[in-house]
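What follows is target.cif (mmCIF, C-alpha atoms).
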data_input
#
loop_
_atom_site.label_atom_id
_atom_site.label_comp_id
_atom_site.auth_asym_id
_atom_site.auth_seq_id
_atom_site.Cartn_x
_atom_site.Cartn_y
_atom_site.Cartn_z
CA MET W 3 -24.84 0.11 41.35
CA ASP W 4 -23.39 0.46 44.84
CA SER W 5 -19.90 -1.01 44.51
CA SER W 6 -18.51 0.10 47.88
CA ASN W 7 -18.67 -3.41 49.33
CA LEU W 8 -17.17 -5.13 46.28
CA PRO W 9 -13.57 -6.37 46.30
CA VAL W 10 -10.66 -4.75 44.50
CA ALA W 11 -9.12 -6.82 41.71
CA ILE W 12 -5.34 -7.17 41.60
CA ILE W 13 -3.90 -8.51 38.36
CA GLY W 14 -0.69 -10.39 39.10
CA ALA W 15 0.56 -12.16 42.26
CA GLY W 16 4.14 -11.00 42.00
CA PRO W 17 5.95 -8.80 44.54
CA VAL W 18 3.98 -5.64 43.71
CA GLY W 19 0.61 -7.38 43.41
CA LEU W 20 1.03 -9.14 46.77
CA ALA W 21 2.15 -5.85 48.32
CA ALA W 22 -1.09 -4.29 47.09
CA ALA W 23 -2.99 -7.14 48.75
CA ALA W 24 -1.18 -6.51 52.05
CA HIS W 25 -2.04 -2.81 51.96
CA LEU W 26 -5.68 -3.54 51.12
CA HIS W 27 -5.87 -5.98 54.04
CA GLU W 28 -4.46 -3.35 56.42
CA ARG W 29 -7.23 -1.00 55.33
CA ASN W 30 -9.89 -3.69 55.63
CA VAL W 31 -10.71 -3.53 51.90
CA PRO W 32 -11.63 -6.92 50.37
CA PHE W 33 -9.62 -8.03 47.35
CA VAL W 34 -9.09 -10.82 44.84
CA VAL W 35 -5.72 -11.51 43.19
CA PHE W 36 -5.60 -13.15 39.76
CA GLU W 37 -2.36 -14.92 38.81
CA VAL W 38 -1.81 -16.50 35.39
CA GLY W 39 0.45 -19.28 36.68
CA ASP W 40 -0.23 -22.32 38.80
CA ASP W 41 1.54 -20.61 41.71
CA ILE W 42 2.42 -17.07 42.73
CA ALA W 43 5.19 -15.01 41.11
CA THR W 44 5.16 -16.73 37.72
CA SER W 45 7.49 -14.18 36.16
CA VAL W 46 10.00 -14.23 39.03
CA ARG W 47 10.19 -18.03 38.80
CA ASP W 48 11.38 -17.62 35.23
CA TRP W 49 14.50 -15.81 36.48
CA ALA W 50 14.76 -17.51 39.88
CA HIS W 51 18.50 -18.13 39.39
CA VAL W 52 19.30 -14.42 38.93
CA GLN W 53 20.65 -12.44 41.87
CA LEU W 54 18.93 -9.14 42.50
CA PHE W 55 21.30 -6.20 42.72
CA SER W 56 19.08 -4.60 45.35
CA PRO W 57 19.60 -5.91 48.91
CA TRP W 58 16.67 -7.18 50.94
CA ARG W 59 16.06 -3.76 52.50
CA TYR W 60 14.63 -2.57 49.16
CA ASP W 61 12.83 -5.82 48.32
CA ILE W 62 10.28 -6.08 51.15
CA ASP W 63 7.10 -4.02 51.25
CA LYS W 64 6.36 -2.39 54.61
CA ALA W 65 2.74 -3.53 54.92
CA ALA W 66 3.71 -7.05 53.88
CA ARG W 67 6.47 -7.07 56.50
CA ARG W 68 4.10 -5.96 59.25
CA LEU W 69 1.71 -8.74 58.30
CA LEU W 70 4.46 -11.36 58.20
CA GLU W 71 6.06 -10.34 61.48
CA ARG W 72 2.73 -10.60 63.30
CA ALA W 73 2.73 -14.23 62.14
CA GLY W 74 6.24 -14.82 63.58
CA TRP W 75 8.24 -14.38 60.36
CA ASP W 76 11.94 -13.61 60.66
CA ALA W 77 13.22 -11.19 58.05
CA PRO W 78 16.35 -12.08 56.10
CA HIS W 79 19.51 -10.07 56.67
CA LEU W 80 18.69 -6.74 55.06
CA ASP W 81 22.11 -6.27 53.46
CA ASP W 82 22.09 -9.64 51.68
CA HIS W 83 21.21 -9.88 48.01
CA PRO W 84 18.63 -12.58 47.22
CA THR W 85 18.14 -14.45 43.99
CA GLY W 86 14.70 -14.48 42.45
CA GLY W 87 14.19 -17.94 43.93
CA GLU W 88 15.18 -16.75 47.39
CA LEU W 89 12.83 -13.79 47.04
CA ILE W 90 10.02 -16.27 46.48
CA GLU W 91 11.03 -18.80 49.14
CA ALA W 92 11.93 -16.42 51.95
CA TYR W 93 9.37 -13.66 51.36
CA LEU W 94 6.67 -14.12 48.74
CA GLU W 95 5.59 -17.68 49.56
CA PRO W 96 5.32 -16.99 53.32
CA LEU W 97 3.32 -13.86 52.52
CA ALA W 98 0.99 -15.61 50.08
CA SER W 99 0.41 -18.48 52.51
CA LEU W 100 -0.96 -16.22 55.24
CA PRO W 101 -4.75 -16.64 55.49
CA GLU W 102 -5.14 -12.86 55.22
CA ILE W 103 -3.71 -13.10 51.68
CA SER W 104 -4.35 -16.68 50.54
CA THR W 105 -8.13 -16.43 50.82
CA GLY W 106 -8.09 -13.83 48.04
CA LEU W 107 -5.68 -15.65 45.69
CA ARG W 108 -6.92 -17.10 42.41
CA THR W 109 -4.06 -18.87 40.62
CA ASN W 110 -4.13 -20.35 37.11
CA ARG W 111 -6.39 -17.51 36.02
CA SER W 112 -5.65 -15.73 32.76
CA VAL W 113 -7.34 -12.33 32.54
CA VAL W 114 -8.86 -12.14 29.07
CA GLY W 115 -10.80 -8.90 29.44
CA ILE W 116 -11.96 -6.15 31.79
CA SER W 117 -14.98 -3.93 31.20
CA ARG W 118 -17.60 -1.87 32.97
CA VAL W 119 -20.65 -3.93 33.89
CA GLY W 120 -23.37 -3.67 31.27
CA THR W 121 -21.64 -1.21 28.96
CA ASP W 122 -18.84 -0.95 26.45
CA LYS W 123 -15.95 1.44 25.96
CA VAL W 124 -17.99 3.98 23.97
CA THR W 125 -20.76 4.67 26.48
CA THR W 126 -20.16 7.58 28.85
CA ALA W 127 -23.45 8.01 30.73
CA GLU W 128 -23.10 6.90 34.38
CA ARG W 129 -19.93 5.07 33.47
CA ALA W 130 -18.04 5.86 36.68
CA ARG W 131 -20.93 4.47 38.77
CA ARG W 132 -20.70 1.03 37.18
CA PRO W 133 -18.36 -1.55 38.75
CA PHE W 134 -15.78 -3.45 36.74
CA ALA W 135 -16.24 -6.96 35.38
CA VAL W 136 -12.99 -8.98 35.23
CA THR W 137 -13.27 -11.94 32.84
CA THR W 138 -10.83 -14.79 33.43
CA ASP W 139 -10.13 -18.17 31.88
CA GLY W 140 -9.05 -20.89 34.29
CA PRO W 141 -9.68 -24.40 35.61
CA TYR W 142 -13.43 -23.76 35.78
CA GLY W 143 -13.61 -22.16 32.34
CA ILE W 144 -14.64 -18.57 31.74
CA GLU W 145 -15.55 -16.69 34.93
CA ARG W 146 -16.62 -13.12 35.55
CA THR W 147 -15.82 -11.31 38.81
CA ILE W 148 -17.45 -8.00 39.69
CA VAL W 149 -15.10 -5.57 41.48
CA ARG W 150 -15.01 -1.93 42.59
CA ALA W 151 -11.51 -1.09 41.29
CA VAL W 152 -8.65 -2.69 39.37
CA ILE W 153 -4.93 -2.58 40.22
CA ASP W 154 -3.04 -3.95 37.23
CA ALA W 155 0.31 -5.27 38.49
CA SER W 156 0.74 -7.83 35.72
CA GLY W 157 4.18 -6.54 34.76
CA THR W 158 5.80 -6.95 31.35
CA TRP W 159 8.05 -10.02 31.68
CA LEU W 160 5.61 -12.40 29.98
CA SER W 161 5.55 -10.21 26.85
CA PRO W 162 9.19 -10.19 25.68
CA ASN W 163 10.33 -7.99 22.85
CA PRO W 164 11.26 -9.81 19.64
CA LEU W 165 14.68 -9.93 18.00
CA GLY W 166 13.71 -7.57 15.20
CA ALA W 167 15.25 -4.11 15.54
CA ASP W 168 12.01 -2.54 14.29
CA GLY W 169 10.02 -3.90 17.24
CA LEU W 170 8.46 -6.69 15.18
CA ARG W 171 9.55 -10.26 14.80
CA ALA W 172 12.51 -10.56 12.48
CA VAL W 173 11.83 -12.40 9.25
CA GLY W 174 12.01 -16.10 10.07
CA GLU W 175 12.09 -15.54 13.83
CA GLY W 176 8.93 -17.54 14.43
CA SER W 177 10.42 -20.60 12.70
CA PHE W 178 13.27 -21.08 15.16
CA GLY W 179 11.56 -21.87 18.45
CA ASP W 180 14.11 -24.61 19.01
CA ARG W 181 17.00 -22.14 18.70
CA ILE W 182 15.74 -18.91 20.28
CA VAL W 183 15.13 -18.34 24.01
CA TYR W 184 13.75 -15.06 25.42
CA GLY W 185 14.84 -13.62 28.77
CA ILE W 186 17.58 -14.96 31.06
CA PRO W 187 18.11 -18.72 30.74
CA ASP W 188 19.94 -20.49 33.56
CA VAL W 189 23.12 -21.15 31.58
CA LEU W 190 25.14 -22.12 34.68
CA GLY W 191 22.45 -24.35 36.15
CA ALA W 192 19.48 -26.13 34.61
CA GLN W 193 20.42 -25.20 31.03
CA ARG W 194 24.18 -25.60 31.44
CA MET W 195 24.54 -28.63 29.15
CA HIS W 196 22.29 -27.01 26.55
CA TYR W 197 24.73 -24.12 26.05
CA SER W 198 28.02 -25.80 26.91
CA GLY W 199 30.36 -26.00 23.91
CA ARG W 200 27.85 -24.18 21.68
CA ARG W 201 28.04 -21.03 19.57
CA VAL W 202 25.73 -18.59 21.36
CA ALA W 203 24.48 -15.16 20.31
CA VAL W 204 23.11 -12.81 22.98
CA VAL W 205 21.01 -9.95 21.61
CA GLY W 206 20.31 -6.96 23.88
CA SER W 207 22.17 -4.34 25.90
CA GLY W 208 20.45 -4.04 29.29
CA HIS W 209 20.93 -5.78 32.60
CA SER W 210 19.23 -8.95 31.38
CA ALA W 211 21.80 -9.26 28.60
CA GLN W 212 24.63 -8.43 30.99
CA ASN W 213 23.53 -11.21 33.34
CA VAL W 214 23.47 -13.71 30.48
CA VAL W 215 26.82 -12.59 29.08
CA ARG W 216 28.52 -12.77 32.46
CA ASP W 217 27.21 -16.30 33.05
CA LEU W 218 28.16 -17.46 29.59
CA ALA W 219 31.68 -16.13 30.12
CA GLN W 220 31.92 -18.28 33.25
CA LEU W 221 30.63 -21.26 31.29
CA ARG W 222 33.23 -20.61 28.60
CA ALA W 223 35.97 -20.61 31.25
CA ARG W 224 34.96 -24.19 32.08
CA ARG W 225 34.17 -25.25 28.53
CA PRO W 226 36.48 -23.27 26.21
CA LYS W 227 34.67 -24.51 23.10
CA THR W 228 31.72 -22.33 24.09
CA GLU W 229 31.65 -19.23 21.84
CA VAL W 230 29.77 -16.10 22.87
CA THR W 231 28.83 -13.18 20.60
CA TRP W 232 27.10 -10.19 22.20
CA ILE W 233 25.01 -8.20 19.70
CA VAL W 234 23.72 -4.70 20.45
CA ARG W 235 21.95 -2.15 18.27
CA GLY W 236 23.88 0.90 19.47
CA ASP W 237 26.98 2.00 17.62
CA ARG W 238 28.82 2.69 20.89
CA ALA W 239 28.87 0.96 24.24
CA GLY W 240 28.44 4.38 25.89
CA HIS W 241 26.65 4.09 29.23
CA MET W 242 25.64 0.48 28.57
CA PHE W 243 27.81 -0.75 31.44
CA GLY W 244 26.28 1.69 33.94
CA GLY W 245 27.96 3.64 36.72
CA LYS W 246 30.18 0.72 37.85
CA ALA W 247 32.12 1.82 40.96
CA ASP W 248 30.03 5.02 41.23
CA ASP W 249 26.76 3.11 41.52
CA GLN W 250 25.19 3.33 44.99
CA LEU W 251 24.03 -0.27 44.55
CA PRO W 252 27.39 -2.09 44.44
CA GLU W 253 25.98 -5.28 42.91
CA ARG W 254 24.44 -3.34 40.06
CA GLY W 255 27.72 -1.56 39.47
CA ARG W 256 29.57 -4.88 39.62
CA LEU W 257 27.27 -6.39 37.01
CA GLY W 258 28.22 -3.68 34.52
CA SER W 259 31.90 -3.96 35.37
CA ASP W 260 31.85 -7.75 35.01
CA ALA W 261 30.04 -7.57 31.67
CA GLU W 262 32.57 -5.04 30.38
CA ALA W 263 35.42 -7.25 31.59
CA THR W 264 34.13 -10.20 29.56
CA VAL W 265 34.51 -8.08 26.44
CA ASP W 266 37.88 -6.57 27.37
CA SER W 267 39.30 -10.02 28.13
CA GLY W 268 38.20 -11.47 24.82
CA GLN W 269 35.92 -14.04 26.43
CA VAL W 270 32.97 -12.43 24.66
CA ARG W 271 32.90 -10.86 21.22
CA LEU W 272 30.95 -7.58 21.24
CA LEU W 273 29.26 -6.62 17.97
CA THR W 274 27.83 -3.09 18.01
CA GLY W 275 25.60 -1.33 15.51
CA PHE W 276 23.92 -4.55 14.38
CA ARG W 277 20.16 -4.34 13.85
CA VAL W 278 18.58 -7.74 13.41
CA ALA W 279 16.23 -8.01 10.42
CA GLU W 280 16.21 -11.72 9.59
CA VAL W 281 16.92 -15.13 11.07
CA ALA W 282 17.93 -17.73 8.50
CA ARG W 283 18.98 -21.36 8.62
CA CYS W 284 22.27 -22.39 7.08
CA ALA W 285 24.05 -25.70 6.69
CA ASP W 286 25.95 -25.17 9.94
CA GLY W 287 23.38 -23.52 12.20
CA VAL W 288 21.52 -20.20 12.20
CA MET W 289 22.56 -16.86 10.72
CA LEU W 290 21.44 -13.40 11.75
CA ARG W 291 21.10 -10.84 8.96
CA GLY W 292 21.17 -7.13 9.72
CA GLU W 293 19.12 -4.36 8.14
CA ASP W 294 22.14 -3.51 5.99
CA GLY W 295 22.37 -7.06 4.66
CA VAL W 296 25.45 -7.99 6.70
CA GLU W 297 25.31 -11.50 8.15
CA VAL W 298 26.78 -12.80 11.39
CA GLY W 299 27.02 -16.39 12.54
CA PRO W 300 26.51 -19.26 12.30
CA PHE W 301 25.08 -19.83 15.80
CA ASP W 302 23.70 -22.87 17.54
CA GLU W 303 21.65 -20.89 20.06
CA ILE W 304 20.25 -17.35 20.26
CA ILE W 305 19.25 -15.63 23.50
CA ALA W 306 16.97 -12.63 23.03
CA ALA W 307 17.54 -10.47 26.11
CA THR W 308 15.80 -7.57 24.41
CA GLY W 309 13.48 -6.35 27.14
CA SER W 310 9.71 -6.61 27.31
CA ARG W 311 6.51 -4.66 26.78
CA PRO W 312 3.13 -4.37 28.54
CA ASN W 313 0.17 -6.51 27.54
CA LEU W 314 -2.64 -4.03 26.95
CA ARG W 315 -5.00 -6.39 25.13
CA PHE W 316 -7.23 -7.26 28.08
CA LEU W 317 -7.70 -3.54 28.81
CA ARG W 318 -9.19 -2.86 25.38
CA GLU W 319 -12.75 -2.19 26.63
CA LEU W 320 -11.50 0.33 29.19
CA ARG W 321 -10.44 3.91 28.65
CA VAL W 322 -6.69 3.74 29.07
CA ASP W 323 -4.31 6.64 28.49
CA VAL W 324 -0.76 5.46 27.85
CA ASP W 325 2.19 7.27 26.36
CA PRO W 326 2.38 6.73 22.57
CA VAL W 327 6.15 6.16 22.75
CA LEU W 328 6.68 3.97 25.81
CA GLU W 329 3.17 2.62 26.46
CA SER W 330 3.75 3.70 30.05
CA THR W 331 1.42 5.71 32.27
CA ARG W 332 1.43 9.02 30.41
CA GLN W 333 2.57 11.26 33.26
CA LEU W 334 5.66 9.12 33.91
CA ALA W 335 6.80 8.94 30.30
CA PRO W 336 8.85 12.15 30.04
CA LEU W 337 10.77 11.18 33.17
CA ILE W 338 11.72 7.64 32.14
CA ASP W 339 12.15 7.88 28.37
CA PRO W 340 15.57 6.31 27.53
CA ASN W 341 15.65 8.42 24.35
CA VAL W 342 16.12 11.47 26.54
CA HIS W 343 18.22 10.38 29.51
CA SER W 344 19.82 7.28 30.94
CA CYS W 345 19.52 7.98 34.65
CA GLY W 346 15.81 7.32 35.01
CA SER W 347 15.22 10.48 37.04
CA VAL W 348 11.79 9.60 38.41
CA PRO W 349 10.51 11.57 41.40
CA PRO W 350 8.23 9.92 43.95
CA HIS W 351 4.81 9.33 42.46
CA GLY W 352 1.57 7.64 43.40
CA ALA W 353 -2.14 7.46 42.72
CA ALA W 354 -2.39 10.91 41.12
CA GLU W 355 0.19 10.07 38.46
CA LEU W 356 -0.98 6.48 37.96
CA SER W 357 -4.72 7.12 37.61
CA GLN W 358 -6.44 6.52 34.29
CA PRO W 359 -9.40 8.16 32.53
CA GLU W 360 -11.27 5.04 33.66
CA ASP W 361 -12.00 5.96 37.26
CA GLY W 362 -10.80 3.18 39.57
CA LEU W 363 -8.22 1.68 37.20
CA TYR W 364 -4.51 1.88 38.07
CA LEU W 365 -1.49 0.53 36.21
CA VAL W 366 1.32 -0.09 38.72
CA GLY W 367 4.71 -1.74 38.97
CA ALA W 368 6.71 -2.51 35.87
CA LYS W 369 3.56 -2.15 33.76
CA SER W 370 3.27 1.51 34.71
CA TYR W 371 6.69 2.01 33.09
CA GLY W 372 5.64 0.37 29.82
CA ARG W 373 8.64 -0.34 27.60
CA ALA W 374 11.04 1.76 29.66
CA PRO W 375 13.69 -0.33 31.45
CA THR W 376 13.59 1.73 34.62
CA PHE W 377 11.86 0.03 37.53
CA LEU W 378 12.69 -1.02 41.09
CA LEU W 379 10.57 -3.03 43.53
CA ALA W 380 10.72 -0.17 46.02
CA THR W 381 9.08 2.06 43.42
CA GLY W 382 6.21 -0.36 42.99
CA TYR W 383 5.70 -0.74 46.73
CA GLU W 384 5.27 3.00 47.18
CA GLN W 385 2.99 3.13 44.15
CA VAL W 386 0.54 0.59 45.59
CA ARG W 387 0.66 2.14 49.06
CA SER W 388 -0.56 5.40 47.54
CA VAL W 389 -3.07 3.75 45.21
CA VAL W 390 -4.62 1.66 47.99
CA ALA W 391 -4.91 4.76 50.19
CA GLU W 392 -6.77 6.51 47.38
CA ILE W 393 -9.13 3.58 46.86
CA ALA W 394 -9.80 3.46 50.61
CA GLY W 395 -10.67 7.16 50.61
CA ASP W 396 -7.56 8.35 52.48
CA HIS W 397 -6.71 11.03 49.96
CA GLU W 398 -4.14 12.77 52.15
CA ALA W 399 -2.10 9.57 52.51
CA ALA W 400 -2.41 8.98 48.79
CA ARG W 401 -0.97 12.43 48.04
CA THR W 402 1.91 12.11 50.51
CA VAL W 403 4.48 10.04 48.63
CA HIS W 404 8.04 9.40 49.78
CA LEU W 405 10.69 7.41 47.94
CA VAL W 406 14.47 7.59 48.24
CA LEU W 407 16.43 5.22 46.02
CA PRO W 408 20.13 4.66 45.34
CA GLU W 409 21.61 6.59 42.44
CA THR W 410 23.06 4.85 39.40
CA GLY W 411 26.27 6.82 39.15
CA VAL W 412 25.56 7.58 35.49
CA CYS W 413 23.22 10.02 33.82
CA SER W 414 23.12 11.45 30.33
CA VAL W 415 20.46 14.05 29.58
CA LYS W 416 19.69 16.33 26.70
CA GLY W 417 22.51 18.83 26.46
CA SER W 418 25.23 16.41 27.59
CA ASP W 419 28.04 15.03 25.48
CA ASP W 420 25.68 12.34 24.24
CA ALA W 421 23.13 14.86 22.95
CA ALA W 422 23.85 13.93 19.36
CA VAL W 423 22.46 10.45 19.87
CA LEU W 424 19.53 11.38 22.12
CA SER W 425 16.08 12.20 20.85
CA THR W 426 14.00 15.04 22.28
CA ARG W 427 10.45 15.15 23.59
CA THR W 428 8.12 18.10 23.67
CA ASP W 429 6.46 16.86 26.86
CA LEU W 430 9.56 17.08 29.06
CA PRO W 431 9.18 18.94 32.35
CA ALA W 432 10.87 22.29 32.70
CA SER W 433 13.94 20.71 34.30
CA THR W 434 15.62 17.39 33.58
CA ASP W 435 17.96 17.62 36.56
CA VAL W 436 18.28 14.42 38.55
CA PRO W 437 16.45 14.75 41.89
CA ALA W 438 17.95 13.46 45.11
CA SER W 439 15.60 10.48 45.09
CA ASN W 440 15.80 8.97 41.63
CA ASP W 441 14.88 5.66 40.09
CA VAL W 442 17.39 3.53 38.23
CA THR W 443 17.88 1.53 35.10
CA ALA W 444 17.01 -2.15 35.32
CA SER W 445 15.98 -4.77 32.79
CA VAL W 446 14.66 -7.07 35.49
CA CYS W 447 12.56 -6.04 38.44
CA CYS W 448 15.28 -5.69 41.14
#

Represent the supplied structure as structure tokens.
Amino acid sequence: MDSSNLPVAIIGAGPVGLAAAAHLHERNVPFVVFEVGDDIATSVRDWAHVQLFSPWRYDIDKAARRLLERAGWDAPHLDDHPTGGELIEAYLEPLASLPEISTGLRTNRSVVGISRVGTDKVTTAERARRPFAVTTDGPYGIERTIVRAVIDASGTWLSPNPLGADGLRAVGEGSFGDRIVYGIPDVLGAQRMHYSGRRVAVVGSGHSAQNVVRDLAQLRARRPKTEVTWIVRGDRAGHMFGGKADDQLPERGRLGSDAEATVDSGQVRLLTGFRVAEVARCADGVMLRGEDGVEVGPFDEIIAATGSRPNLRFLRELRVDVDPVLESTRQLAPLIDPNVHSCGSVPPHGAAELSQPEDGLYLVGAKSYGRAPTFLLATGYEQVRSVVAEIAGDHEAARTVHLVLPETGVCSVKGSDDAAVLSTRTDLPASTDVPASNDVTASVCC
């Protein structure tokens, strides 16, 4: 089939997905964007109260900005730091409302499967010549859309990791939906009364957990009866608090410093080396039991800020090559594996590194990083610029990738003082030195 006139499917109408749409429009390539929620940026809305530690200058895609400014849009002050809600209100909603973008938007569409038209995963003959069929479930039931290529920017936020230290739900975890919340609840805003005066456990060590812990400490200052226990799997805090004053993104450094201060001041109890195995009800709340049988609690509320993972189910009929450890795009895995280094030393990369064995399929944005907590919006914007250039046939532009990002101020690699607690990989590149333009650690797209 001749698929050259078919649209490109974009999965996800978040910042990276909408950026892909803007780049496709600039190149006069038709597209359709499928978003699972009733409105754009479903995942961002879930953490709308959280301030990004990247200023606006890193949060706006160049093609999207050109499109907005032609419509009379005024950019926010580039040195300000928006919340997720402000990112939506000041940037994403104006972008999505432009007719150049809105005509291709399909909200309230859950992608349930993607395949090659008329064939399954096993068949090889003439496979690359067949377009893709994207099957969605939405307000009109099951629909099938035929497209020439697929850019999967669905992210990972909607697939949170469980409490269990082994990557599976802890025993009893599924029975406590009224006690366990995943992600970053708004403990100083909409959920303030829910957590005020309660005994709260926060499980996780990344930036999501640090945001929650910092907010809970502020809540405790107003309501001293609030008790906060911060539970992490690692035996040592180590680099958990980041580069602090050495971080080239001051707000990211401040987040780590503030989180550490909550522990040093006694506002938050830090429990290290605790690996959750079971959640159990007791007469006075909920207990957490570790793999060693030790119990901690009781708690009234548990916040699982344990990261997230990609949803690969709807890609099952396609030939997808992901790293067996991180479930990231395979070529990125050695550079972002937190078992090996903490700095996230990721050089600029684009279509060549993001391509899949299924010709025309690209995993971009946070999904390209799989389970690794190392992603910035600016990274995703450069990814889709390159991918769209490749789809449009501009191979030179696709190969020319530029990305300069602020450094974290912290980096442990194999051979450092932390080598005893770091695993090794046989697929590491020859050098693990941090390049001048490196990506950074983040639990939330920032």

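Picked out by the PyMOL selection byres ((chain W and resi 75) around 12) when it runs on this file: Ala66, Arg67, Arg68, Leu69, Leu70, Glu71, Arg72, Ala73, Gly74, Asp76, Ala77, Pro78, Ala92, Tyr93, Leu94, Glu95, Pro96, Leu97, Ser99 and Leu100 of chain W.
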
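What the PyMOL selection byres ((chain W and resi 283) around 10) picks from this file is Gly174, Ser177, Phe178, Val281, Ala282, Cys284, Ala285, Asp286, Gly287, Val288, Met289, Leu290, Pro300 and Phe301 of chain W.
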
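Between CA of Thr274 (chain W) and CA of Glu262 (chain W) the separation is 13.4 Å.
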
On this structure, the PyMOL selection byres ((chain W and resi 265) around 12) would catch which residues? List them as a PyMOL selection string, sorted by chain and number. chain W and resi 212+215-216+218-219+230-233+239+243+258-264+266-274

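The nearest approach to Pro84 (chain W) among the residues W:His51, W:Arg277, W:Arg225, W:Arg235, with all atoms listed in the file taken into account, belongs to W:His51.
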
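CA of Ala394 (chain W) lies 17.5 Å from CA of Arg132 (chain W).
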
Find, counting only C-alpha atoms, the residue in W:Gly115, W:Gly185, W:Gly39, W:Gly236 that gets nearest to Gly16 (chain W). W:Gly39

State, in Å with one decimal place, the distance from CA of Glu384 (chain W) to CA of Gly372 (chain W). 17.6 Å

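Proximity to His397 (chain W) was assessed for W:Leu320, W:Ala127, W:Val136, W:Ala353 counting only C-alpha atoms; the smallest distance is recorded for W:Ala353.
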
Hey, what's within 7 Å of region 186-197 of chain W if we count only C-alpha atoms and toss same-chain stuff fewer than 6 positions away? As a PyMOL selection string, please? chain W and resi 49+51+210+214+217-218+221+307

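Taking only C-alpha atoms into account, the protein, DNA and RNA residues within 9 Å of (35.3, -24.3, 23.3) read Ser198, Gly199, Arg200, Arg201, Arg222, Ala223, Arg224, Arg225, Pro226, Lys227, Thr228 and Glu229 of chain W.
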
Write out as a list in words each polymer residue whose atoms come within 10 Å of Tyr383 (chain W), counting all atoms listed in the file; drop sequence neighbours fewer than 2 positions from it. Pro17, Val18, Gly19, Leu20, Ala21, Ala22, His25, Tyr60, Asp61, Ile62, Asp63, Lys64, Ala65, Ala66, Gly352, Val366, Gly367, Leu378, Leu379, Ala380, Thr381, Gln385, Val386, Arg387, Ser388, Val389 and Leu405 of chain W
